[in-house]
Amino acid sequence: MTYSNPQQTAPPLLIVTDLDGTLLDHDSYSFAPARPALERAYAAGIPVIANTSKTRAELIDLRASLGNSDPFIIENGSAICIPEQQIHLRRDDDRIDEGYIELPLGVGIDEIRSQLTRLSREYRFESFGQWSLEQVITHTGLSPDAARQAQERRYSEALLWLDSDARQRQFSRELATQGLHCLQGGRFLSVLGAEADKGRALERLKNLYRPLLGETPLVIALGDSDNDVAMLEAADIAVVIANPHRPAPVVHANEVIYSQAAGPAGWNNVIQVLLDRYQAAEKR
Ligand SMILES: [Mg+2]
């Protein structure tokens, strides 16, 4: 862990964060303990980009409660959504769909579901696509509105895996032959396009910001589980947020910081320390 040696001039910062178990509490989905650091980042004009397994519909509501107007990455890196107001990040020919430009990296949900229908004859799993709204609520603990938004999937299917670990590895190999892959999230196994991951989406996002910021931003990424590793390893500073429900993922990056506190409290502590470091560098 390095908390010293600030650089001579502070680089532009970009914060990219997982939500469940990271900015949001694993059980209550609250972000209240992270509010001080979040407000501080907003006040400094630092973009805070959600990079999550959640759907676009879920994010739109959640961003409003977070007071966030930055772009966001949905369904485990399947697409970057840019609000139409962010004109500096857009190209003239971008198509606007209900207020957002969507840059896809993944495969459409219909294609994924047709592959899964075939695989469901060989492997035991249940999916969001098969569940009623009530079943989604039971399995996620989400409110009815949030559960409805979680069902609005465009690029990935969420599975409750009911087969063995060995069978899951075999399932994963079969997906690869179809241009798909799977990722273990906090509660569910996501099935999505082979090109879609949180790390690739972060790289693409960084390129979008480069002309705007005049230089390559320094990226701070925060996550708590295995599906965050690609994102954490694509960042300059990887922050692994403690999760009492599982061991921390193994991450190889320039600088890796492990939070002491879990979820949003850990988010708050580490971002405060990092903002102290870079804002102190700015004042020199
Ligand atoms: Mg998470």
# chains A, B, ... in the order shown; residues from 1 in each chain; ligands from 1

call {"tool": "residues_around", "arguments": {"residues": "stretch 246-252 of chain A", "least_positions_apart": "5", "cutoff": "12 Å", "atoms": "only C-alpha atoms", "output": "PyMOL selection string"}}
result
chain A and resi 21-22+26+184-187+221-241+257-260+262

call {"tool": "residues_around", "arguments": {"residues": "A:Glu157", "least_positions_apart": "5", "cutoff": "7 Å", "atoms": "only C-alpha atoms", "output": "PDB file with N, CA, C and O atoms, in the first residue's frame"}}
result
ATOM      1  N   SER A 127     -32.944 -18.770 -14.593  1.00  0.00           N
ATOM      2  CA  SER A 127     -32.513 -17.461 -15.089  1.00  0.00           C
ATOM      3  C   SER A 127     -33.568 -16.391 -14.828  1.00  0.00           C
ATOM      4  O   SER A 127     -34.748 -16.691 -14.640  1.00  0.00           O
ATOM      5  N   PHE A 128     -33.118 -15.139 -14.833  1.00  0.00           N
ATOM      6  CA  PHE A 128     -34.030 -14.000 -14.680  1.00  0.00           C
ATOM      7  C   PHE A 128     -35.131 -14.060 -15.742  1.00  0.00           C
ATOM      8  O   PHE A 128     -36.268 -13.729 -15.475  1.00  0.00           O
ATOM      9  N   SER A 190     -23.425 -14.310 -14.556  1.00  0.00           N
ATOM     10  CA  SER A 190     -23.880 -13.571 -15.737  1.00  0.00           C
ATOM     11  C   SER A 190     -23.342 -14.242 -16.987  1.00  0.00           C
ATOM     12  O   SER A 190     -22.178 -14.619 -17.025  1.00  0.00           O
ATOM     13  N   VAL A 191     -24.200 -14.356 -17.998  1.00  0.00           N
ATOM     14  CA  VAL A 191     -23.775 -14.869 -19.300  1.00  0.00           C
ATOM     15  C   VAL A 191     -23.868 -13.717 -20.286  1.00  0.00           C
ATOM     16  O   VAL A 191     -24.920 -13.066 -20.384  1.00  0.00           O
ATOM     17  N   LEU A 192     -22.749 -13.443 -20.981  1.00  0.00           N
ATOM     18  CA  LEU A 192     -22.709 -12.269 -21.860  1.00  0.00           C
ATOM     19  C   LEU A 192     -21.725 -12.470 -23.001  1.00  0.00           C
ATOM     20  O   LEU A 192     -21.036 -13.494 -23.048  1.00  0.00           O
TER      21      LEU A 192
END

call {"tool": "residues_around", "arguments": {"residues": "A:Leu202", "least_positions_apart": "3", "cutoff": "8 Å", "atoms": "only C-alpha atoms", "output": "MDAnalysis selection string"}}
result
chainID A and resid 16 77 198:199 205:206 231 234

call {"tool": "write_last_selection", "arguments": {"atoms": "C-alpha atoms", "output": "PDB file, in the first residue's frame"}}
result
ATOM      1  CA  VAL A  16     -14.825   3.932 -11.869  1.00  0.00           C
ATOM      2  CA  GLY A  77     -19.169  -4.100 -19.473  1.00  0.00           C
ATOM      3  CA  LYS A 198     -15.710  -4.422 -17.181  1.00  0.00           C
ATOM      4  CA  GLY A 199     -12.011  -3.979 -18.068  1.00  0.00           C
ATOM      5  CA  LEU A 205     -14.270   4.913 -21.597  1.00  0.00           C
ATOM      6  CA  LYS A 206     -10.759   6.187 -20.891  1.00  0.00           C
ATOM      7  CA  MET A 231     -11.704  -3.548 -14.365  1.00  0.00           C
ATOM      8  CA  ALA A 234      -7.154  -1.946 -16.190  1.00  0.00           C
TER       9      ALA A 234
END

call {"tool": "residues_around", "arguments": {"residues": "A:Gln130", "least_positions_apart": "3", "cutoff": "12 Å", "atoms": "only C-alpha atoms", "output": "list of chain:residue names"}}
result
A:Arg113, A:Leu116, A:Thr117, A:Ser120, A:Phe125, A:Glu126, A:Ser127, A:Leu133, A:Glu134, A:Gln135, A:Val136, A:Gln151, A:Glu157, A:Ala158, A:Leu159, A:Leu160

call {"tool": "select_by_dssp", "arguments": {"residues": "stretch 101-178 of chain A", "states": "strand (DSSP E or B)", "output": "list in words"}}
result
Ile101, Glu102, Leu103, Pro104, Phe125, Glu126, Ser127, Ser156, Glu157, Ala158, Leu159, Leu160 and Trp161 of chain A

call {"tool": "select_by_dssp", "arguments": {"residues": "stretch 109-282 of chain A", "states": "alpha helix (DSSP H)", "output": "number ranges by chain"}}
result
A: 109-119, 133-140, 144-150, 165-176, 198-213, 229-233, 263-282

call {"tool": "closest_atom_pairs", "arguments": {"of": "stretch 164-237 of chain A", "to": "stretch 79-95 of chain A", "cutoff": "8 Å", "atoms": "only C-alpha atoms", "output": "tab-separated table"}}
result
residue	atom	partner	partner_atom	distance
A:Ala196	CA	A:Ala79	CA	7.8
A:Ala201	CA	A:Ile80	CA	7.0
A:Leu205	CA	A:Ile80	CA	7.5
A:Leu208	CA	A:Leu89	CA	6.2
A:Tyr209	CA	A:Leu89	CA	6.9
A:Leu212	CA	A:His88	CA	6.8

call {"tool": "residues_around", "arguments": {"residues": "stretch 56-70 of chain A", "least_positions_apart": "5", "cutoff": "7 Å", "atoms": "only C-alpha atoms", "output": "NGL selection string"}}
result
:A and (47-49 or 146 or 149-150 or 152)

call {"tool": "closest_residue", "arguments": {"among": "A:Thr138, A:Gln178, A:Gln279, A:Asn243", "to": "ligand 1", "atoms": "only C-alpha atoms and all ligand atoms"}}
result
A:Asn243
